[in-house]
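Peer 1: The file below is input09.tsv, TSV, C-alpha atoms and all ligand atoms:
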```tsv
chain	number	residue	atom	x	y	z
A	838	MET	CA	12.32	-29.73	-17.53
A	839	GLN	CA	9.28	-27.57	-16.92
A	840	THR	CA	8.38	-29.67	-13.87
A	841	ASP	CA	11.62	-28.58	-12.20
A	842	VAL	CA	10.52	-24.98	-12.05
A	843	VAL	CA	10.20	-23.79	-8.46
A	844	ARG	CA	6.87	-22.04	-7.96
A	845	ILE	CA	6.96	-19.14	-5.55
A	846	GLY	CA	3.55	-18.14	-4.15
A	847	THR	CA	2.87	-14.59	-3.07
A	848	ARG	CA	0.14	-12.02	-2.65
A	849	GLY	CA	-0.18	-9.54	-5.47
A	850	SER	CA	0.51	-6.26	-3.64
A	851	GLN	CA	3.58	-4.33	-4.78
A	852	LEU	CA	5.26	-5.01	-1.45
A	853	ALA	CA	4.51	-8.74	-1.65
A	854	LEU	CA	5.81	-8.88	-5.23
A	855	ALA	CA	8.99	-7.07	-4.19
A	856	GLN	CA	9.50	-9.60	-1.39
A	857	ALA	CA	8.95	-12.53	-3.77
A	858	ALA	CA	11.40	-11.04	-6.28
A	859	GLU	CA	13.98	-10.57	-3.51
A	860	THR	CA	13.56	-14.21	-2.48
A	861	ARG	CA	13.94	-15.34	-6.08
A	862	ALA	CA	17.07	-13.20	-6.52
A	863	ARG	CA	18.63	-14.76	-3.41
A	864	LEU	CA	17.79	-18.27	-4.59
A	865	MET	CA	19.23	-17.54	-8.04
A	866	ALA	CA	22.46	-16.26	-6.51
A	867	ALA	CA	22.78	-19.07	-3.96
A	868	HIS	CA	22.26	-21.82	-6.54
A	869	ASP	CA	23.57	-20.14	-9.68
A	870	LEU	CA	20.21	-20.56	-11.38
A	871	PRO	CA	18.59	-18.42	-14.09
A	872	GLU	CA	15.37	-16.50	-13.50
A	873	GLU	CA	13.50	-19.10	-15.60
A	874	ALA	CA	14.11	-21.69	-12.90
A	875	PHE	CA	11.44	-19.88	-10.88
A	876	GLU	CA	7.88	-18.86	-11.45
A	877	ILE	CA	6.16	-16.28	-9.29
A	878	VAL	CA	2.52	-17.27	-8.75
A	879	VAL	CA	0.21	-14.51	-7.48
A	880	ILE	CA	-2.56	-15.58	-5.12
A	881	ARG	CA	-5.39	-13.36	-4.00
A	882	THR	CA	-6.16	-13.65	-0.27
A	883	SER	CA	-9.14	-12.63	1.86
A	884	GLY	CA	-6.94	-9.92	3.37
A	885	ASP	CA	-6.55	-8.39	-0.09
A	886	ARG	CA	-10.27	-8.62	-0.80
A	887	ILE	CA	-11.51	-7.09	2.45
A	888	GLN	CA	-10.83	-3.36	2.28
A	889	ASP	CA	-13.70	-1.82	4.19
A	890	ARG	CA	-12.87	-2.71	7.80
A	891	PRO	CA	-9.92	-3.22	10.12
A	892	LEU	CA	-8.43	-6.67	9.73
A	893	SER	CA	-8.75	-7.24	13.47
A	894	GLU	CA	-12.52	-7.16	12.92
A	895	ALA	CA	-12.44	-9.38	9.86
A	896	GLY	CA	-10.74	-12.20	11.75
A	897	GLY	CA	-7.21	-10.86	12.13
A	898	LYS	CA	-4.24	-13.01	11.32
A	899	GLY	CA	-4.46	-15.73	8.74
A	900	LEU	CA	-6.35	-13.53	6.31
A	901	PHE	CA	-3.19	-13.00	4.28
A	902	THR	CA	-2.07	-16.63	4.44
A	903	LYS	CA	-5.03	-19.04	4.12
A	904	GLU	CA	-5.39	-19.11	0.32
A	905	ILE	CA	-1.61	-19.24	-0.09
A	906	GLU	CA	-1.40	-22.21	2.26
A	907	GLU	CA	-4.11	-23.98	0.26
A	908	ALA	CA	-1.95	-23.53	-2.84
A	909	LEU	CA	1.00	-25.10	-0.97
A	910	PHE	CA	-1.13	-28.10	-0.04
A	911	ASP	CA	-2.45	-28.44	-3.60
A	912	GLY	CA	1.06	-28.32	-5.04
A	913	ARG	CA	0.26	-25.24	-7.13
A	914	ILE	CA	3.23	-23.59	-5.42
A	915	ASP	CA	6.37	-24.98	-3.75
A	916	LEU	CA	7.13	-22.18	-1.36
A	917	ALA	CA	5.34	-19.10	-0.09
A	918	VAL	CA	6.89	-15.73	0.71
A	919	HIS	CA	5.28	-13.79	3.57
A	920	SER	CA	5.84	-10.83	5.85
A	921	SER	CA	6.51	-12.54	9.19
A	922	LYS	CA	4.34	-9.90	10.84
A	923	ASP	CA	1.29	-11.25	9.01
A	924	MET	CA	1.95	-14.89	9.89
A	925	PRO	CA	-0.19	-16.60	12.52
A	926	THR	CA	1.81	-18.21	15.35
A	927	VAL	CA	0.28	-21.61	14.65
A	928	LEU	CA	0.61	-23.04	11.15
A	929	PRO	CA	-1.60	-25.72	9.63
A	930	ASP	CA	-0.36	-29.30	10.09
A	931	GLY	CA	2.05	-30.18	7.32
A	932	LEU	CA	3.48	-26.69	6.77
A	933	GLU	CA	6.46	-24.97	8.36
A	934	ILE	CA	8.47	-21.78	8.19
A	935	SER	CA	11.60	-23.09	6.54
A	936	ALA	CA	13.63	-19.89	6.22
A	937	PHE	CA	13.86	-16.26	7.26
A	938	LEU	CA	15.67	-13.68	5.16
A	939	GLU	CA	17.86	-11.15	6.95
A	940	ARG	CA	15.68	-8.69	8.79
A	941	GLU	CA	15.33	-5.14	7.48
A	942	ASP	CA	14.97	-2.08	9.72
A	943	VAL	CA	12.22	-2.84	12.27
A	944	ARG	CA	11.07	0.74	12.83
A	945	ASP	CA	7.85	2.46	11.90
A	946	VAL	CA	7.78	5.79	10.14
A	947	PHE	CA	5.37	8.69	10.20
A	948	ILE	CA	4.35	10.28	6.91
A	949	GLY	CA	3.02	13.74	7.58
A	950	ARG	CA	1.02	15.79	5.09
A	951	SER	CA	1.84	19.27	6.37
A	952	VAL	CA	4.09	18.61	9.38
A	953	LYS	CA	7.05	16.28	9.60
A	954	ARG	CA	6.68	15.04	13.15
A	955	ILE	CA	3.82	13.59	15.15
A	956	ARG	CA	4.53	16.03	17.97
A	957	ASP	CA	3.94	18.95	15.59
A	958	LEU	CA	0.47	17.85	14.49
A	959	PRO	CA	-2.23	20.34	15.43
A	960	LYS	CA	-4.49	19.40	18.32
A	961	GLY	CA	-7.17	16.92	17.30
A	962	ALA	CA	-5.57	16.21	13.92
A	963	LYS	CA	-6.67	13.13	12.09
A	964	LEU	CA	-4.24	10.27	11.67
A	965	GLY	CA	-5.01	7.27	9.50
A	966	THR	CA	-4.02	3.74	10.46
A	967	SER	CA	-5.84	0.45	10.78
A	968	SER	CA	-3.20	-1.07	13.04
A	969	LEU	CA	-4.36	-1.31	16.67
A	970	ARG	CA	-0.74	-1.21	17.81
A	971	ARG	CA	0.01	2.02	15.95
A	972	GLN	CA	-3.26	3.52	17.16
A	973	ALA	CA	-2.45	2.71	20.80
A	974	LEU	CA	1.17	3.91	20.57
A	975	VAL	CA	0.24	7.15	18.89
A	976	LEU	CA	-2.57	7.88	21.37
A	977	ARG	CA	-0.13	7.23	24.19
A	978	MET	CA	2.04	10.05	22.82
A	979	ARG	CA	-0.79	12.28	21.67
A	980	PRO	CA	-4.14	11.42	23.32
A	981	ASP	CA	-5.77	14.37	21.56
A	982	LEU	CA	-5.37	12.95	18.06
A	983	GLU	CA	-8.24	11.41	16.19
A	984	VAL	CA	-7.26	8.02	14.81
A	985	GLY	CA	-9.28	6.74	11.89
A	986	MET	CA	-9.23	3.66	9.71
A	987	PHE	CA	-6.81	3.65	6.83
A	988	ARG	CA	-6.45	0.56	4.67
A	989	GLY	CA	-5.02	-0.12	1.28
A	990	ASN	CA	-1.56	-0.34	-0.21
A	991	VAL	CA	1.09	2.31	0.18
A	992	GLN	CA	0.11	4.16	-3.00
A	993	THR	CA	-3.56	4.29	-2.00
A	994	ARG	CA	-2.65	5.62	1.42
A	995	LEU	CA	-0.40	8.32	0.02
A	996	ARG	CA	-3.17	9.39	-2.32
A	997	LYS	CA	-5.57	9.62	0.61
A	998	LEU	CA	-3.06	11.82	2.44
A	999	GLU	CA	-2.71	14.11	-0.57
A	1000	ASN	CA	-6.47	14.40	-0.70
A	1001	GLY	CA	-6.54	15.47	2.92
A	1002	VAL	CA	-8.41	12.40	4.22
A	1003	ALA	CA	-5.88	12.47	7.10
A	1004	GLU	CA	-2.96	14.62	8.27
A	1005	GLY	CA	-0.64	11.66	8.52
A	1006	THR	CA	-0.18	7.93	8.55
A	1007	LEU	CA	2.28	5.35	9.86
A	1008	LEU	CA	3.98	2.58	7.94
A	1009	ALA	CA	6.84	0.12	8.32
A	1010	LEU	CA	10.17	1.50	7.11
A	1011	SER	CA	11.07	-1.99	5.85
A	1012	GLY	CA	8.13	-2.02	3.45
A	1013	LEU	CA	8.93	1.46	2.13
A	1014	LYS	CA	12.56	0.48	1.61
A	1015	ARG	CA	11.59	-2.61	-0.34
A	1016	LEU	CA	9.44	-0.39	-2.56
A	1017	GLN	CA	12.28	2.14	-2.81
A	1018	MET	CA	9.96	4.70	-1.32
A	1019	GLU	CA	11.59	5.50	2.01
A	1020	HIS	CA	11.88	9.14	0.91
A	1021	VAL	CA	8.16	9.63	1.68
A	1022	ALA	CA	8.82	9.14	5.41
A	1023	THR	CA	8.94	12.40	7.34
A	1024	GLU	CA	9.86	10.97	10.78
A	1025	ILE	CA	11.46	7.69	11.77
A	1026	MET	CA	9.91	6.54	15.02
A	1027	ASP	CA	12.16	5.62	17.91
A	1028	ALA	CA	12.00	1.87	18.47
A	1029	GLN	CA	11.88	2.33	22.27
A	1030	GLU	CA	9.09	4.87	22.31
A	1031	PHE	CA	7.25	3.32	19.41
A	1032	PRO	CA	8.12	-0.40	19.38
A	1033	PRO	CA	7.44	-2.35	16.18
A	1034	ALA	CA	5.09	-5.24	15.62
A	1035	LEU	CA	6.61	-8.60	16.47
A	1036	GLY	CA	8.08	-9.97	13.27
A	1037	GLN	CA	8.16	-6.60	11.52
A	1038	GLY	CA	10.78	-6.26	8.80
A	1039	ALA	CA	11.44	-9.98	8.36
A	1040	ILE	CA	10.46	-11.96	5.28
A	1041	CYS	CA	9.72	-15.61	5.96
A	1042	ILE	CA	9.32	-18.57	3.65
A	1043	GLU	CA	6.76	-21.27	4.27
A	1044	SER	CA	6.87	-24.73	2.69
A	1045	ARG	CA	5.60	-28.29	3.02
A	1046	ILE	CA	7.17	-30.32	5.84
A	1047	GLY	CA	9.14	-33.15	4.23
A	1048	ASP	CA	9.75	-31.40	0.92
A	1049	GLU	CA	13.49	-32.10	0.93
A	1050	ARG	CA	14.18	-30.47	-2.42
A	1051	ILE	CA	12.77	-27.14	-1.25
A	1052	LYS	CA	14.39	-27.43	2.14
A	1053	ALA	CA	17.79	-27.90	0.52
A	1054	MET	CA	17.14	-24.90	-1.74
A	1055	LEU	CA	16.24	-22.67	1.20
A	1056	GLY	CA	19.12	-23.69	3.49
A	1057	PRO	CA	21.69	-21.29	1.99
A	1058	ILE	CA	19.38	-18.27	2.06
A	1059	HIS	CA	18.21	-18.74	5.66
A	1060	HIS	CA	19.55	-16.02	8.00
A	1061	GLU	CA	20.20	-17.68	11.34
A	1062	PRO	CA	20.24	-14.57	13.61
A	1063	THR	CA	16.90	-13.44	12.16
A	1064	GLY	CA	15.53	-16.95	12.75
A	1065	THR	CA	16.61	-16.78	16.40
A	1066	LYS	CA	15.03	-13.36	16.97
A	1067	LEU	CA	11.83	-14.42	15.26
A	1068	ALA	CA	11.64	-17.65	17.28
A	1069	CYS	CA	11.66	-15.55	20.44
A	1070	GLU	CA	9.13	-13.01	19.14
A	1071	ARG	CA	6.78	-15.70	17.85
A	1072	ALA	CA	6.95	-17.58	21.16
A	1073	PHE	CA	6.03	-14.36	22.98
A	1074	LEU	CA	3.07	-13.82	20.64
A	1075	ALA	CA	1.94	-17.43	20.89
A	1076	THR	CA	1.82	-17.12	24.68
A	1077	LEU	CA	-0.49	-14.12	24.33
A	1078	ASP	CA	-2.62	-15.73	21.66
A	1079	GLY	CA	-6.36	-15.60	21.62
A	1080	SER	CA	-6.05	-11.84	21.90
A	1081	CYS	CA	-5.53	-10.70	18.34
A	1082	ARG	CA	-7.39	-7.51	19.17
A	1083	THR	CA	-4.72	-6.54	21.69
A	1084	PRO	CA	-2.11	-4.00	20.67
A	1085	ILE	CA	1.18	-5.89	21.09
A	1086	ALA	CA	4.66	-4.59	20.31
A	1087	GLY	CA	8.25	-5.56	20.93
A	1088	GLU	CA	11.51	-6.75	19.54
A	1089	ALA	CA	14.21	-9.35	20.14
A	1090	LYS	CA	17.81	-8.28	19.60
A	1091	LEU	CA	21.01	-10.27	19.49
A	1092	ASP	CA	24.26	-9.09	20.95
A	1093	ASP	CA	27.21	-11.43	20.83
A	1094	GLY	CA	25.22	-14.62	21.40
A	1095	ARG	CA	22.95	-13.02	24.01
A	1096	LEU	CA	19.32	-12.40	23.22
A	1097	ASN	CA	17.52	-9.37	24.64
A	1098	PHE	CA	13.76	-9.16	24.39
A	1099	TYR	CA	11.48	-6.24	25.04
A	1100	GLY	CA	7.69	-6.56	24.88
A	1101	MET	CA	4.73	-4.25	25.41
A	1102	ILE	CA	0.95	-4.60	25.50
A	1103	LEU	CA	-1.40	-1.66	25.57
A	1104	THR	CA	-5.07	-0.87	25.64
A	1105	PRO	CA	-6.24	0.51	22.27
A	1106	ASP	CA	-6.52	4.02	23.79
A	1107	GLY	CA	-2.86	3.82	24.86
A	1108	ARG	CA	-3.69	4.66	28.47
A	1109	GLU	CA	-2.72	1.36	30.03
A	1110	VAL	CA	0.70	0.01	29.16
A	1111	HIS	CA	2.53	-3.09	30.38
A	1112	GLU	CA	6.14	-3.80	29.57
A	1113	VAL	CA	8.43	-6.77	29.98
A	1114	THR	CA	12.06	-7.55	29.32
A	1115	GLY	CA	13.88	-10.83	29.09
A	1116	ASP	CA	17.34	-12.00	28.22
A	1117	GLY	CA	19.46	-15.12	28.00
A	1118	ALA	CA	21.46	-17.28	25.64
A	1119	ALA	CA	20.41	-17.12	21.99
A	1120	SER	CA	19.88	-20.88	22.12
A	1121	ASP	CA	17.05	-20.28	24.63
A	1122	ALA	CA	15.19	-17.91	22.30
A	1123	ILE	CA	11.85	-19.72	22.53
A	1124	ALA	CA	11.94	-20.08	26.31
A	1125	ILE	CA	12.83	-16.37	26.69
A	1126	GLY	CA	9.85	-15.36	24.53
A	1127	ARG	CA	7.44	-17.68	26.33
A	1128	ASP	CA	8.59	-16.58	29.74
A	1129	ALA	CA	8.24	-12.90	28.81
A	1130	GLY	CA	4.73	-13.62	27.52
A	1131	ALA	CA	3.75	-15.33	30.77
A	1132	ARG	CA	5.15	-12.48	32.86
A	1133	ILE	CA	3.45	-9.71	30.91
A	1134	ARG	CA	0.15	-11.60	31.16
A	1135	ASP	CA	0.57	-11.77	34.92
A	1136	SER	CA	1.47	-8.12	35.28
A	1137	ALA	CA	-1.49	-7.06	33.12
A	1138	GLY	CA	-3.90	-9.21	35.14
A	1139	PRO	CA	-6.84	-11.32	33.97
A	1140	GLY	CA	-9.08	-8.37	33.12
A	1141	PHE	CA	-6.67	-6.85	30.64
A	1142	PHE	CA	-7.52	-9.07	27.69
A	1143	THR	CA	-11.26	-9.02	28.21
A	1144	ASP	CA	-12.30	-5.66	29.67
A	1145	TRP	CA	-12.33	-3.63	26.50
A	1146	VAL	CA	-12.73	-6.08	23.62
B	1201	LIG	N1	-0.02	-5.61	7.29
B	1201	LIG	C1	0.64	-5.20	6.10
B	1201	LIG	C2	2.12	-5.29	6.23
B	1201	LIG	N2	2.71	-6.45	6.49
B	1201	LIG	C3	4.05	-6.24	6.60
B	1201	LIG	C4	4.27	-4.89	6.37
B	1201	LIG	C5	5.56	-4.21	6.44
B	1201	LIG	C6	6.71	-5.00	5.94
B	1201	LIG	C7	7.45	-5.77	6.97
B	1201	LIG	O1	7.02	-6.04	8.10
B	1201	LIG	O2	8.56	-6.13	6.59
B	1201	LIG	C8	3.05	-4.27	6.12
B	1201	LIG	C9	2.80	-2.86	5.81
B	1201	LIG	C10	3.09	-1.91	6.92
B	1201	LIG	O3	2.84	-2.22	8.09
B	1201	LIG	O4	3.55	-0.80	6.64
```
Could you spell out this file's structure in structure tokens?
Peer 2:
Amino acid sequence: MQTDVVRIGTRGSQLALAQAAETRARLMAAHDLPEEAFEIVVIRTSGDRIQDRPLSEAGGKGLFTKEIEEALFDGRIDLAVHSSKDMPTVLPDGLEISAFLEREDVRDVFIGRSVKRIRDLPKGAKLGTSSLRRQALVLRMRPDLEVGMFRGNVQTRLRKLENGVAEGTLLALSGLKRLQMEHVATEIMDAQEFPPALGQGAICIESRIGDERIKAMLGPIHHEPTGTKLACERAFLATLDGSCRTPIAGEAKLDDGRLNFYGMILTPDGREVHEVTGDGAASDAIAIGRDAGARIRDSAGPGFFTDWV
């Protein structure tokens, strides 16, 4: 019987563990299975090990997925739970994203130490983030702020704030909600002014292509509208690929079978901003994302991706 246990691979951060537990709970409910039918296997990734520099410098995407994908290939795990935001647009041959769970709130939040809102920060105040997108968006609003590197899990970051290492930081509301910590947010950022990372708020599940047992398990927990939005967002990203040091933001929304996409690229100082919109039938999600990617590339011009990297 032991061999029937479904092994769920995940990183070991509290957020990752919460996401794995949520996936397990959905699988248990969908298939009327007990907790013992699943085993959560924690895998340490390079992204967890490297704490001293921005991930964009350490090689960017893939740092949170490589070791987990090796475990999928080895058969040590049967499925892997990821934050879609951390997933590269191209997966290794033999693996696929086989399900998306329903997307959480996509917005970012500000956590201020002594003020609640970014606009109330004193001139020149220090803000901690290691996300190039958040850096660019915040400098676009407040060019006077000093943005410094801030890595580590939510608890570490909050401790750094308490110790006065920075006056504030930015995090995904989805992650805080999954940790039942949304009360620490002091300002919820407007998704138009401060667009999220592509894929933010959506948990995805990766598995081996051709593993029919796992595919059948995941079918009932897949959330189709999230899958459609993410297909568009990932197509947009893939079109801009090769530029993982570019701040990129945006979101696909669904409204009655119509898909609306909004995308933005910025220079890291937030001074140059290019925007794009696209819309069409939900069934054309990938084409809408690709087309938006091609148009924003054109409007930014060939120098945009190379001038400041
Ligand atoms: N890079 C870390 C990471 N990957 C996904 C999330 C948020 C959770 C989500 O997107 O659902 C976070 C933390 C954060 O940005 O606050």
Peer 1: With distances taken over only C-alpha atoms, which residue among A:Asp889, A:Asp930, A:Glu876, A:Glu939 lies nearest Arg913 (chain A)?
Peer 2: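 Checking each candidate against Arg913 (chain A), we get A:Glu876 as the closest.
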Peer 1: Can you tell me which residues sit at most 6 Å away from ligand LIG 1201 (chain B), counting all atoms listed in the file, written as a PyMOL selection string?
Peer 2: chain A and resi 920+922-923+1008-1009+1011-1012+1037-1039
Peer 1: Taking all atoms listed in the file into account, name the residue in A:Ala1072, A:Val1110, A:Leu1013, A:Leu854 that is nearest to Val927 (chain A).
Peer 2: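 For Val927 (chain A), the nearest of the given residues is A:Ala1072.
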Peer 1: Between A:Ile1025, A:Ala1119, A:Ala866, A:Met1018, which has the minimum distance to Pro1062 (chain A) (counting only C-alpha atoms)?
Peer 2: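 The shortest atom-to-atom distance to Pro1062 (chain A) comes from A:Ala1119.
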Peer 1: Applying 10 Å and all atoms listed in the file, which residues near Arg954 (chain A) remain after dropping the ones on its own chain fewer than 6 positions away? List them as a VMD selection string.
Peer 2: chain A and resid 946 to 948 1005 1022 to 1026
Peer 1: Show which residues sit within 9 Å of Leu864 (chain A), as a short mmCIF file (atom, residue, chain, number, x, y, z; two decimals) with C-alpha atoms, in the frame of the given file. Count all atoms listed in the file, and ignore same-chain residues fewer than 4 positions away.
Peer 2:
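File produced: part_35.cif:
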```
data_model
loop_
_atom_site.label_atom_id
_atom_site.label_comp_id
_atom_site.auth_asym_id
_atom_site.auth_seq_id
_atom_site.Cartn_x
_atom_site.Cartn_y
_atom_site.Cartn_z
CA GLU A 859 13.98 -10.57 -3.51
CA THR A 860 13.56 -14.21 -2.48
CA HIS A 868 22.26 -21.82 -6.54
CA ASP A 869 23.57 -20.14 -9.68
CA LEU A 870 20.21 -20.56 -11.38
CA MET A 1054 17.14 -24.90 -1.74
CA LEU A 1055 16.24 -22.67 1.20
CA PRO A 1057 21.69 -21.29 1.99
CA ILE A 1058 19.38 -18.27 2.06
#
```
Peer 1: Of the candidates A:Thr902, A:Glu873, A:Phe1098, A:Gly965, which shows the shortest atom-to-atom distance to Thr926 (chain A), using all atoms listed in the file?
Peer 2: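 Closest to Thr926 (chain A), using all atoms listed in the file: A:Thr902.
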Peer 1: In Å, rounded to a single decimal, give me how far CA of Thr1063 (chain A) is from CA of Leu1096 (chain A).
Peer 2: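 These atoms are spaced 11.4 Å apart.
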Peer 1: Which distance in Å separates CA of Arg1132 (chain A) and CA of Leu1074 (chain A), to one decimal?
Peer 2: 12.5 Å
Peer 1: Any chance you could model N, CA and C atoms for region 1033-1052 of chain A and send them as a compact mmCIF listing (two decimals), in the coordinates of the input?
Peer 2:
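The file below, part-v1.txt, is the result:
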```txt
# COMPACT_ATOMS: atom_id res chain seq x y z
N PRO A 1033 8.06 -1.76 17.38
CA PRO A 1033 7.44 -2.35 16.18
C PRO A 1033 6.52 -3.53 16.51
N ALA A 1034 5.85 -3.99 15.49
CA ALA A 1034 5.09 -5.24 15.62
C ALA A 1034 6.10 -6.39 15.70
N LEU A 1035 5.76 -7.42 16.45
CA LEU A 1035 6.61 -8.60 16.47
C LEU A 1035 6.71 -9.12 15.04
N GLY A 1036 7.90 -9.43 14.63
CA GLY A 1036 8.08 -9.97 13.27
C GLY A 1036 8.27 -8.91 12.21
N GLN A 1037 8.08 -7.64 12.55
CA GLN A 1037 8.16 -6.60 11.52
C GLN A 1037 9.55 -6.59 10.85
N GLY A 1038 9.53 -6.41 9.54
CA GLY A 1038 10.78 -6.26 8.80
C GLY A 1038 11.42 -7.56 8.36
N ALA A 1039 10.82 -8.70 8.72
CA ALA A 1039 11.44 -9.98 8.36
C ALA A 1039 10.56 -10.75 7.37
N ILE A 1040 11.15 -11.12 6.26
CA ILE A 1040 10.46 -11.96 5.28
C ILE A 1040 10.64 -13.42 5.70
N CYS A 1041 9.56 -14.19 5.67
CA CYS A 1041 9.72 -15.61 5.96
C CYS A 1041 9.20 -16.45 4.80
N ILE A 1042 9.70 -17.67 4.74
CA ILE A 1042 9.32 -18.57 3.65
C ILE A 1042 8.72 -19.83 4.24
N GLU A 1043 7.52 -20.12 3.77
CA GLU A 1043 6.76 -21.27 4.27
C GLU A 1043 6.77 -22.36 3.20
N SER A 1044 6.88 -23.62 3.65
CA SER A 1044 6.87 -24.73 2.69
C SER A 1044 6.29 -25.98 3.33
N ARG A 1045 6.16 -27.03 2.53
CA ARG A 1045 5.60 -28.29 3.02
C ARG A 1045 6.66 -29.03 3.85
N ILE A 1046 6.26 -29.50 5.03
CA ILE A 1046 7.17 -30.32 5.84
C ILE A 1046 7.48 -31.58 5.03
N GLY A 1047 8.75 -31.93 4.94
CA GLY A 1047 9.14 -33.15 4.23
C GLY A 1047 9.50 -32.93 2.78
N ASP A 1048 9.36 -31.67 2.30
CA ASP A 1048 9.75 -31.40 0.92
C ASP A 1048 11.27 -31.12 0.92
N GLU A 1049 12.04 -32.18 0.76
CA GLU A 1049 13.49 -32.10 0.93
C GLU A 1049 14.16 -31.24 -0.14
N ARG A 1050 13.60 -31.27 -1.33
CA ARG A 1050 14.18 -30.47 -2.42
C ARG A 1050 14.11 -28.98 -2.07
N ILE A 1051 12.94 -28.55 -1.59
CA ILE A 1051 12.77 -27.14 -1.25
C ILE A 1051 13.59 -26.78 -0.01
N LYS A 1052 13.61 -27.68 0.93
CA LYS A 1052 14.39 -27.43 2.14
C LYS A 1052 15.87 -27.21 1.80
```
